[in-house]
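Shown here: structure-v9.txt, compact mmCIF, C-alpha atoms.
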```txt
# COMPACT_ATOMS: atom_id res chain seq x y z
CA MET A 1 73.86 114.62 79.54
CA ILE A 2 76.19 115.42 82.44
CA THR A 3 77.89 112.39 84.03
CA THR A 4 78.30 112.61 87.81
CA GLN A 5 79.21 110.23 90.63
CA THR A 6 75.54 109.24 90.80
CA GLY A 7 75.27 108.51 87.09
CA PRO A 8 74.09 110.44 84.02
CA GLN A 9 71.79 113.37 84.79
CA PRO A 10 69.72 115.55 82.47
CA ALA A 11 71.57 118.74 81.52
CA ASP A 12 70.03 122.13 80.78
CA LEU A 13 71.72 124.86 78.75
CA ALA A 14 73.24 126.46 81.87
CA ASP A 15 74.86 123.13 82.77
CA VAL A 16 76.27 122.78 79.26
CA ARG A 17 77.68 126.32 79.29
CA ALA A 18 79.24 125.82 82.72
CA THR A 19 80.83 122.60 81.53
CA ASN A 20 82.17 124.25 78.39
CA LEU A 21 83.54 127.18 80.41
CA ALA A 22 85.39 124.65 82.54
CA VAL A 23 86.73 122.88 79.44
CA VAL A 24 88.11 126.14 78.03
CA LEU A 25 89.54 127.30 81.35
CA ARG A 26 91.24 123.94 81.91
CA PHE A 27 92.71 124.05 78.40
CA VAL A 28 94.15 127.51 79.02
CA ARG A 29 95.59 126.40 82.37
CA VAL A 30 97.41 123.48 80.77
CA HIS A 31 98.41 124.98 77.42
CA ALA A 32 98.82 128.75 77.97
CA PRO A 33 99.74 130.82 76.12
CA CYS A 34 97.23 129.66 73.53
CA SER A 35 94.82 131.21 71.04
CA ARG A 36 91.09 130.90 70.56
CA ALA A 37 91.79 128.86 67.43
CA ASP A 38 93.99 126.49 69.46
CA ILE A 39 91.11 125.95 71.90
CA ALA A 40 88.59 125.30 69.14
CA ALA A 41 90.88 122.87 67.32
CA SER A 42 91.68 120.87 70.45
CA THR A 43 88.31 120.81 72.22
CA GLY A 44 85.98 120.37 69.25
CA LEU A 45 83.97 123.46 70.19
CA ASN A 46 83.17 125.71 67.26
CA LYS A 47 84.95 129.04 66.95
CA ALA A 48 81.90 131.17 67.71
CA THR A 49 81.24 129.21 70.91
CA VAL A 50 84.88 129.51 71.96
CA SER A 51 84.84 133.26 71.35
CA SER A 52 81.74 133.64 73.50
CA LEU A 53 83.16 131.47 76.29
CA VAL A 54 86.50 133.29 76.26
CA ALA A 55 84.71 136.65 76.41
CA GLU A 56 82.89 135.53 79.55
CA LEU A 57 86.09 134.21 81.13
CA ILE A 58 87.82 137.52 80.40
CA GLU A 59 84.89 139.42 81.90
CA ARG A 60 85.14 137.29 85.04
CA ARG A 61 88.91 137.94 85.10
CA LEU A 62 89.69 134.25 84.89
CA VAL A 63 91.57 134.64 81.59
CA ARG A 64 93.38 137.59 80.03
CA GLU A 65 94.85 138.43 76.65
CA THR A 66 98.60 138.80 76.38
CA GLY A 67 99.76 140.19 73.05
CA LEU A 68 100.08 138.57 69.66
CA ALA A 69 101.98 135.49 68.52
CA GLU A 70 103.96 136.31 65.38
CA ASN A 71 105.59 132.97 64.60
CA ARG A 72 102.42 131.38 63.25
CA ILE A 73 101.07 130.64 59.80
CA GLY A 74 98.54 133.26 58.76
CA ARG A 75 97.51 136.29 60.77
CA PRO A 76 99.04 136.83 64.22
CA ALA A 77 96.77 135.44 66.95
CA THR A 78 95.88 137.05 70.26
CA MET A 79 97.19 134.75 72.99
CA LEU A 80 95.41 133.86 76.21
CA VAL A 81 96.78 133.08 79.67
CA LEU A 82 95.22 132.52 83.06
CA ASP A 83 94.37 135.59 85.09
CA GLY A 84 92.50 134.69 88.25
CA ALA A 85 94.15 137.45 90.29
CA PRO A 86 90.85 138.37 92.03
CA TYR A 87 90.48 134.82 93.35
CA ALA A 88 92.15 132.63 95.95
CA ALA A 89 92.01 129.06 97.16
CA ILE A 90 93.16 128.03 100.63
CA GLY A 91 94.57 124.71 101.77
CA ILE A 92 95.33 123.55 105.31
CA GLU A 93 97.29 120.43 106.24
CA VAL A 94 96.76 118.92 109.68
CA SER A 95 99.74 116.99 111.02
CA ILE A 96 100.46 115.63 114.48
CA ASP A 97 103.13 118.29 115.05
CA GLU A 98 101.99 121.30 113.00
CA LEU A 99 99.30 123.02 110.98
CA THR A 100 100.24 124.41 107.57
CA VAL A 101 98.15 126.83 105.52
CA VAL A 102 98.76 127.91 101.92
CA ALA A 103 96.77 130.26 99.70
CA VAL A 104 97.20 130.50 95.93
CA ASP A 105 95.53 132.38 93.15
CA LEU A 106 94.08 130.66 90.10
CA ALA A 107 97.41 130.71 88.27
CA GLY A 108 99.08 128.96 91.20
CA THR A 109 100.93 132.01 92.53
CA GLU A 110 101.50 131.61 96.26
CA LEU A 111 99.77 134.33 98.25
CA LEU A 112 100.72 133.12 101.72
CA SER A 113 102.32 130.15 103.44
CA TRP A 114 102.27 129.79 107.22
CA ARG A 115 103.20 127.03 109.64
CA ARG A 116 101.97 126.85 113.21
CA ALA A 117 103.09 124.49 115.97
CA PHE A 118 100.32 122.04 116.90
CA ASP A 119 100.46 119.11 119.31
CA GLY A 120 97.90 116.87 117.70
CA SER A 121 98.64 113.98 120.05
CA THR A 122 97.25 115.85 123.09
CA ALA A 123 94.80 118.37 121.62
CA SER A 124 91.15 117.39 122.06
CA PRO A 125 89.01 117.31 118.91
CA GLY A 126 87.29 120.51 120.05
CA ARG A 127 90.57 122.35 120.55
CA ALA A 128 91.84 121.02 117.23
CA VAL A 129 88.79 122.32 115.36
CA SER A 130 89.21 125.71 117.04
CA ALA A 131 92.88 125.89 116.06
CA ILE A 132 92.16 124.90 112.44
CA ALA A 133 89.25 127.35 112.20
CA ALA A 134 91.33 130.19 113.69
CA LEU A 135 94.12 129.61 111.18
CA ALA A 136 91.62 129.38 108.33
CA GLY A 137 89.94 132.56 109.45
CA ARG A 138 93.23 134.47 109.50
CA ALA A 139 94.06 133.23 106.01
CA VAL A 140 90.61 134.21 104.72
CA ASN A 141 90.95 137.68 106.24
CA ARG A 142 94.38 138.12 104.68
CA VAL A 143 93.33 137.28 101.12
CA THR A 144 89.95 139.05 101.29
CA GLY A 145 91.83 142.09 102.60
CA GLN A 146 93.66 142.01 99.26
CA ASP A 147 90.29 142.26 97.45
CA ARG A 148 90.30 138.60 96.46
CA GLN A 149 87.36 136.25 96.54
CA VAL A 150 87.95 132.92 98.28
CA LEU A 151 86.75 130.08 96.04
CA GLY A 152 87.29 127.23 98.47
CA LEU A 153 89.02 125.87 101.55
CA THR A 154 90.35 122.31 101.59
CA VAL A 155 91.65 120.63 104.75
CA ALA A 156 93.97 117.63 104.54
CA VAL A 157 93.78 115.16 107.42
CA PRO A 158 95.84 111.99 108.10
CA GLY A 159 92.86 109.67 108.49
CA LEU A 160 89.73 108.12 107.05
CA VAL A 161 87.40 110.82 105.69
CA ASP A 162 83.94 110.06 104.36
CA GLY A 163 81.96 111.87 101.70
CA THR A 164 80.43 114.31 104.19
CA GLY A 165 83.81 115.60 105.37
CA ALA A 166 83.62 113.68 108.65
CA VAL A 167 86.84 112.13 109.92
CA ARG A 168 85.81 108.59 110.78
CA LEU A 169 89.18 107.60 112.19
CA ALA A 170 92.54 109.36 112.55
CA THR A 171 94.64 107.15 114.81
CA THR A 172 97.64 109.46 115.10
CA LEU A 173 95.37 112.33 116.22
CA GLY A 174 93.05 110.22 118.36
CA TRP A 175 89.97 111.33 116.39
CA ARG A 176 86.93 109.18 115.77
CA ASP A 177 83.68 110.24 114.09
CA LEU A 178 84.61 113.94 114.09
CA PRO A 179 82.33 115.99 111.77
CA LEU A 180 85.24 118.26 110.87
CA GLY A 181 83.71 119.72 107.70
CA ALA A 182 80.45 120.67 109.41
CA ASP A 183 82.28 121.98 112.49
CA LEU A 184 84.55 124.18 110.36
CA ARG A 185 81.65 125.57 108.35
CA ARG A 186 79.91 126.43 111.60
CA ALA A 187 83.05 128.00 113.10
CA LEU A 188 83.56 130.07 109.94
CA ARG A 189 79.89 131.17 110.10
CA GLU A 190 78.71 129.23 107.03
CA PRO A 191 80.99 130.92 104.46
CA ALA A 192 79.94 131.42 100.86
CA PHE A 193 82.85 129.29 99.64
CA GLU A 194 83.02 125.50 99.74
CA VAL A 195 84.76 123.80 102.68
CA THR A 196 86.17 120.36 101.85
CA VAL A 197 87.93 117.81 104.05
CA ASP A 198 89.90 114.93 102.53
CA ASN A 199 92.64 112.45 103.30
CA ASP A 200 96.11 113.99 103.09
CA ALA A 201 97.57 111.21 100.93
CA ASN A 202 94.70 111.54 98.43
CA LEU A 203 95.26 115.27 98.10
CA ALA A 204 99.02 114.82 97.76
CA ALA A 205 98.50 112.29 94.98
CA LEU A 206 96.16 114.68 93.15
CA ALA A 207 98.73 117.47 93.52
CA GLU A 208 101.47 115.30 92.03
CA TYR A 209 99.12 114.23 89.23
CA ARG A 210 98.31 117.85 88.33
CA HIS A 211 101.64 119.61 88.91
CA GLY A 212 105.35 118.95 88.85
CA PRO A 213 107.61 116.56 86.94
CA TYR A 214 105.18 113.60 87.04
CA ALA A 215 102.01 115.52 86.15
CA GLY A 216 99.73 113.49 83.94
CA THR A 217 101.22 110.12 84.95
CA ALA A 218 98.11 107.95 84.70
CA ASN A 219 99.15 105.45 87.38
CA LEU A 220 100.81 107.19 90.30
CA VAL A 221 101.08 106.72 94.07
CA HIS A 222 102.13 109.22 96.73
CA LEU A 223 103.26 107.94 100.14
CA THR A 224 102.94 110.37 103.05
CA GLY A 225 105.87 110.47 105.42
CA GLY A 226 104.82 111.90 108.77
CA ALA A 227 103.34 110.47 111.93
CA GLY A 228 101.19 108.28 109.71
CA LEU A 229 101.87 106.46 106.47
CA GLY A 230 99.16 106.63 103.84
CA ALA A 231 98.99 106.05 100.10
CA GLY A 232 97.17 108.24 97.62
CA VAL A 233 96.59 106.09 94.54
CA VAL A 234 95.83 107.39 91.04
CA THR A 235 94.88 104.63 88.59
CA ASP A 236 94.18 105.34 84.91
CA GLY A 237 94.11 109.05 85.71
CA ARG A 238 91.53 108.80 88.51
CA LEU A 239 91.96 108.89 92.26
CA LEU A 240 91.19 105.48 93.75
CA ARG A 241 88.77 106.08 96.64
CA GLY A 242 87.08 102.73 97.15
CA GLY A 243 83.48 102.07 98.09
CA ARG A 244 83.28 104.56 100.98
CA GLY A 245 86.36 106.67 100.36
CA PHE A 246 88.69 104.70 102.63
CA ALA A 247 91.14 103.27 100.07
CA GLY A 248 94.90 103.76 100.37
CA GLU A 249 95.53 102.78 104.00
CA LEU A 250 98.78 101.03 103.13
CA GLY A 251 100.19 101.98 106.52
CA HIS A 252 97.82 99.57 108.22
CA VAL A 253 98.71 96.52 106.19
CA THR A 254 100.42 94.04 108.49
CA ILE A 255 103.91 93.12 107.36
CA ASP A 256 105.08 91.46 110.61
CA PRO A 257 102.47 89.97 113.00
CA ASP A 258 105.10 89.98 115.75
CA GLY A 259 106.09 93.57 115.09
CA PRO A 260 105.63 96.64 117.30
CA LEU A 261 102.27 97.99 118.42
CA CYS A 262 100.67 100.44 115.97
CA PRO A 263 98.51 103.40 117.08
CA CYS A 264 95.58 101.57 115.44
CA GLY A 265 95.88 98.82 118.07
CA ARG A 266 97.30 96.12 115.81
CA HIS A 267 100.85 94.80 115.67
CA GLY A 268 103.36 95.02 112.83
CA CYS A 269 101.56 97.48 110.56
CA LEU A 270 103.76 99.12 107.93
CA GLU A 271 103.23 102.45 109.70
CA ALA A 272 104.56 101.01 112.96
CA MET A 273 107.54 99.51 111.14
CA ALA A 274 108.43 102.28 108.68
CA GLY A 275 106.76 105.51 109.80
CA ILE A 276 108.78 108.51 110.93
CA PRO A 277 108.14 107.79 114.66
CA ALA A 278 109.57 104.29 114.12
CA LEU A 279 112.65 105.76 112.46
CA ILE A 280 113.17 108.24 115.31
CA ARG A 281 112.91 105.47 117.91
CA ARG A 282 115.37 103.34 115.96
CA ALA A 283 117.91 106.04 115.04
CA LEU A 284 117.61 108.32 118.10
CA PRO A 285 116.90 106.16 121.16
CA ASP A 286 117.47 109.19 123.40
CA ALA A 287 114.80 111.31 121.66
CA ALA A 288 111.97 110.25 123.98
CA GLU A 289 113.85 110.71 127.25
CA ASP A 290 111.88 113.87 128.01
CA GLY A 291 108.56 112.44 126.85
CA PRO A 292 106.92 111.61 123.50
CA VAL A 293 108.31 113.44 120.48
CA ALA A 294 105.80 116.13 119.51
CA ASP A 295 107.88 117.91 116.84
CA PHE A 296 109.43 115.66 114.20
CA ALA A 297 111.37 118.27 112.18
CA PRO A 298 114.31 118.74 114.60
CA GLU A 299 114.69 114.98 115.05
CA VAL A 300 114.62 114.34 111.30
CA ASP A 301 117.28 117.04 110.89
CA ARG A 302 119.43 115.24 113.48
CA ILE A 303 119.04 111.97 111.61
CA ARG A 304 119.96 113.59 108.32
CA THR A 305 123.04 115.22 109.84
CA LYS A 306 124.22 111.93 111.33
CA ALA A 307 123.59 110.15 108.02
CA ARG A 308 125.69 112.73 106.16
CA GLN A 309 128.47 112.13 108.69
CA GLY A 310 128.31 108.40 107.95
CA ASP A 311 127.18 107.32 111.42
CA PRO A 312 126.85 103.50 111.17
CA SER A 313 123.86 103.09 113.51
CA THR A 314 121.94 105.86 111.72
CA LEU A 315 122.68 104.38 108.31
CA ASP A 316 121.55 100.96 109.56
CA ALA A 317 118.30 102.45 110.86
CA LEU A 318 117.60 104.20 107.56
CA ALA A 319 118.34 101.03 105.60
CA GLU A 320 115.95 99.06 107.81
CA ILE A 321 113.17 101.61 107.32
CA GLY A 322 113.93 101.58 103.59
CA ARG A 323 113.52 97.80 103.44
CA HIS A 324 110.13 98.03 105.13
CA LEU A 325 109.06 100.78 102.71
CA GLY A 326 110.17 98.64 99.78
CA HIS A 327 108.09 95.76 101.16
CA GLY A 328 105.04 98.03 101.32
CA VAL A 329 105.60 99.44 97.85
CA SER A 330 105.91 95.90 96.44
CA LEU A 331 102.32 95.28 97.56
CA LEU A 332 101.24 98.27 95.49
CA ALA A 333 103.36 97.13 92.56
CA ASN A 334 101.72 93.71 92.61
CA LEU A 335 98.17 95.02 93.10
CA VAL A 336 97.86 98.20 90.99
CA ASN A 337 101.20 98.35 89.09
CA PRO A 338 101.83 102.12 89.35
CA GLU A 339 104.30 103.74 87.00
CA VAL A 340 105.80 105.79 89.81
CA VAL A 341 105.60 105.79 93.62
CA LEU A 342 106.64 109.09 95.17
CA LEU A 343 107.93 109.43 98.72
CA GLY A 344 106.59 112.59 100.31
CA GLY A 345 106.83 114.45 103.59
CA TYR A 346 109.87 113.63 105.73
CA PHE A 347 110.54 110.57 103.56
CA ALA A 348 111.53 112.93 100.74
CA THR A 349 114.22 114.64 102.82
CA LEU A 350 115.67 111.25 103.80
CA ALA A 351 115.34 109.69 100.35
CA PRO A 352 119.09 109.45 99.56
CA TRP A 353 119.45 106.92 102.39
CA LEU A 354 116.03 105.24 102.16
CA LEU A 355 115.84 104.58 98.42
CA PRO A 356 118.68 102.08 97.87
CA ALA A 357 117.32 99.53 100.36
CA ALA A 358 113.71 100.26 99.36
CA GLU A 359 114.44 99.72 95.65
CA ALA A 360 116.23 96.44 96.34
CA GLU A 361 113.33 95.16 98.45
CA LEU A 362 110.79 96.31 95.85
CA ALA A 363 112.61 94.40 93.13
CA ALA A 364 112.92 91.27 95.29
CA ARG A 365 109.24 91.16 96.28
CA THR A 366 107.52 92.14 93.02
CA LEU A 367 106.36 89.29 90.79
CA ALA A 368 106.70 91.12 87.47
CA PRO A 369 110.19 91.57 86.02
CA ASP A 370 111.91 94.85 86.85
CA ALA A 371 109.31 95.55 89.56
CA GLY A 372 106.64 95.83 86.85
CA GLY A 373 108.19 99.09 85.70
CA THR A 374 107.35 100.77 89.02
CA ARG A 375 109.85 103.52 89.84
CA LEU A 376 110.34 104.60 93.44
CA LEU A 377 111.29 108.29 93.69
CA ALA A 378 111.21 111.25 96.06
```
Can the structure in the file be given as structure tokens, please?
Amino acid sequence: MITTQTGPQPADLADVRATNLAVVLRFVRVHAPCSRADIAASTGLNKATVSSLVAELIERRLVRETGLAENRIGRPATMLVLDGAPYAAIGIEVSIDELTVVAVDLAGTELLSWRRAFDGSTASPGRAVSAIAALAGRAVNRVTGQDRQVLGLTVAVPGLVDGTGAVRLATTLGWRDLPLGADLRRALREPAFEVTVDNDANLAALAEYRHGPYAGTANLVHLTGGAGLGAGVVTDGRLLRGGRGFAGELGHVTIDPDGPLCPCGRHGCLEAMAGIPALIRRALPDAAEDGPVADFAPEVDRIRTKARQGDPSTLDALAEIGRHLGHGVSLLANLVNPEVVLLGGYFATLAPWLLPAAEAELAARTLAPDAGGTRLLA
């Protein structure tokens, strides 16, 4: 039987082989270099099956052999590592001030990384789709021009995304009920590869769960730090999506009913109190003299420079934002008790000044001793 989101389904032999190929490939990704015997011992598959599966993966150029391991008991073993050079995956992040595209091969080697200016606050949904599709198309042409096959394109959006890839609401971008996945597939002329749209915080949490110093942490949260403030929540090793995929909107939890107006139309949301636009308004009151800030990076750099110089008003602003972040994280600590909460985006670059106040507020507002073991890190 194969277990899916819709429950157990009958499995034929092709399903079983595909599943076993995935098991072997995943093992090699995590444990390379490793031998066929290592795979058999750890997965429970018999040696003949492993040999057959590895042969197919080598034929598909997903895995390759890389010499012999001598420091083993018994005969030297031929070691396996990921190959995947003929393949590429593409990711695009949509922010209010820029579009970012990255392509990697199966082993995680970066093939390209581009950033493009993008004024998401004024671009219509139609123009936004065109800009995203144009950037995706250029990335696809670049990697296919290198004789690589594109396996998939994933687009990260700061908003509520349903299971069809439609953006139901993205307040910072002004989008509502935008069928982004379908529109992109149409703009890319129904490509052979899969096109996926998901919430940016969810994807960031999955990335942290799979890679980096906290990979494998079973209970992990990633907080986005851009125009919006979202939480990607991994609990017991699984991404928490909720009933319709809309979980993690920590930024729209009200922490002060008398607080400032949020783009969602409510007052005192965490995003309105602790998001990067709130910090810019608080630390750089002159930033909006020439109109709304459309590019956050230069303003965040100014804040960081002033903080390094010890400017009192800047340090006060960062401490205030840190306290609000700590308040928000305490809600997560009390509800889902994550082992680690990671500050991402622009929050990460400002972490030295945000974390002290945030950690103090987290400790003060969490019921369990020592904040329930929740660590707040960049």
Could you check the closest approach to Arg185 of chain A for each of A:Thr305, A:Ser95, A:Thr154, A:Thr224 and tell me which residue wins, using only C-alpha atoms?
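Nearest to Arg185 of chain A: A:Thr154.
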Would you kindly return, as number ranges by chain, each protein, DNA or RNA residue with an atom no farther than 10 Å from any atom of Ile96 of chain A, considering all atoms listed in the file and excluding same-chain residues fewer than 4 positions away?
A: 117-123, 157-158, 172-174, 226-228, 294-296
Leaving out Thr254 of chain A and any residue of its chain fewer than 4 positions from it, which residues lie within 9 Å of it when counting all atoms listed in the file, given as number ranges by chain?
A: 250, 259, 266-271
Smallest atom-to-atom distance to Val28 of chain A: which of A:Leu184, A:Val81, A:Ala14, A:Ile58, using all atoms listed in the file?
A:Val81
Atom CA of Ile321 of chain A to atom CA of Leu354 of chain A, straight-line distance in Å:
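The value is 6.9 Å.
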With distances taken over only C-alpha atoms, which of A:Val94, A:Val341, A:Ala107, A:Leu188 is nearest to Ala133 of chain A?
A:Leu188
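With distances restricted to all atoms listed in the file, A:Asp83 is the closest residue to Glu59 of chain A from A:His327, A:Asp83, A:Asp286, A:Ala207.
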In Å to one decimal, how far is atom CA of Asn199 of chain A from atom CA of Ala156 of chain A?
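Atom-to-atom, atom CA of Ala156 of chain A to atom CA of Asn199 of chain A, that is 5.5 Å.
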As a CSV table (one decimal), keeping the file's coordinate frame, the rebuilt segment 105-120 of chain A with N, CA, C and O atoms:
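So the final result, stored in selection.csv, reads:
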```
chain,number,residue,atom,x,y,z
A,105,ASP,N,96.5,131.9,94.1
A,105,ASP,CA,95.5,132.4,93.2
A,105,ASP,C,95.3,131.3,92.1
A,105,ASP,O,95.9,130.2,92.1
A,106,LEU,N,94.5,131.7,91.1
A,106,LEU,CA,94.1,130.7,90.1
A,106,LEU,C,95.3,130.2,89.3
A,106,LEU,O,95.3,129.0,88.8
A,107,ALA,N,96.2,131.1,89.1
A,107,ALA,CA,97.4,130.7,88.3
A,107,ALA,C,98.4,129.9,89.1
A,107,ALA,O,99.5,129.5,88.5
A,108,GLY,N,98.2,129.7,90.4
A,108,GLY,CA,99.1,129.0,91.2
A,108,GLY,C,100.1,129.8,91.9
A,108,GLY,O,101.0,129.3,92.6
A,109,THR,N,100.0,131.1,91.8
A,109,THR,CA,100.9,132.0,92.5
A,109,THR,C,100.6,131.9,94.0
A,109,THR,O,99.5,132.1,94.4
A,110,GLU,N,101.7,131.7,94.8
A,110,GLU,CA,101.5,131.6,96.3
A,110,GLU,C,101.2,133.0,96.9
A,110,GLU,O,102.0,133.9,96.7
A,111,LEU,N,100.2,133.1,97.6
A,111,LEU,CA,99.8,134.3,98.2
A,111,LEU,C,100.2,134.4,99.7
A,111,LEU,O,100.5,135.4,100.2
A,112,LEU,N,100.2,133.2,100.3
A,112,LEU,CA,100.7,133.1,101.7
A,112,LEU,C,101.1,131.7,102.0
A,112,LEU,O,100.5,130.7,101.4
A,113,SER,N,101.9,131.5,103.0
A,113,SER,CA,102.3,130.2,103.4
A,113,SER,C,102.8,130.3,104.9
A,113,SER,O,103.8,130.9,105.2
A,114,TRP,N,102.0,129.7,105.8
A,114,TRP,CA,102.3,129.8,107.2
A,114,TRP,C,102.3,128.4,107.8
A,114,TRP,O,101.6,127.5,107.4
A,115,ARG,N,103.2,128.3,108.8
A,115,ARG,CA,103.2,127.0,109.6
A,115,ARG,C,103.0,127.4,111.1
A,115,ARG,O,103.5,128.4,111.6
A,116,ARG,N,102.2,126.6,111.8
A,116,ARG,CA,102.0,126.8,113.2
A,116,ARG,C,102.2,125.6,114.0
A,116,ARG,O,101.7,124.5,113.6
A,117,ALA,N,102.9,125.7,115.1
A,117,ALA,CA,103.1,124.5,116.0
A,117,ALA,C,101.7,124.0,116.4
A,117,ALA,O,100.8,124.8,116.7
A,118,PHE,N,101.6,122.6,116.5
A,118,PHE,CA,100.3,122.0,116.9
A,118,PHE,C,100.6,120.7,117.5
A,118,PHE,O,101.2,119.8,116.8
A,119,ASP,N,100.2,120.4,118.7
A,119,ASP,CA,100.5,119.1,119.3
A,119,ASP,C,99.2,118.3,119.1
A,119,ASP,O,98.3,118.3,120.0
A,120,GLY,N,99.1,117.6,118.0
A,120,GLY,CA,97.9,116.9,117.7
A,120,GLY,C,97.7,115.7,118.6
A,120,GLY,O,96.6,115.1,118.7
```
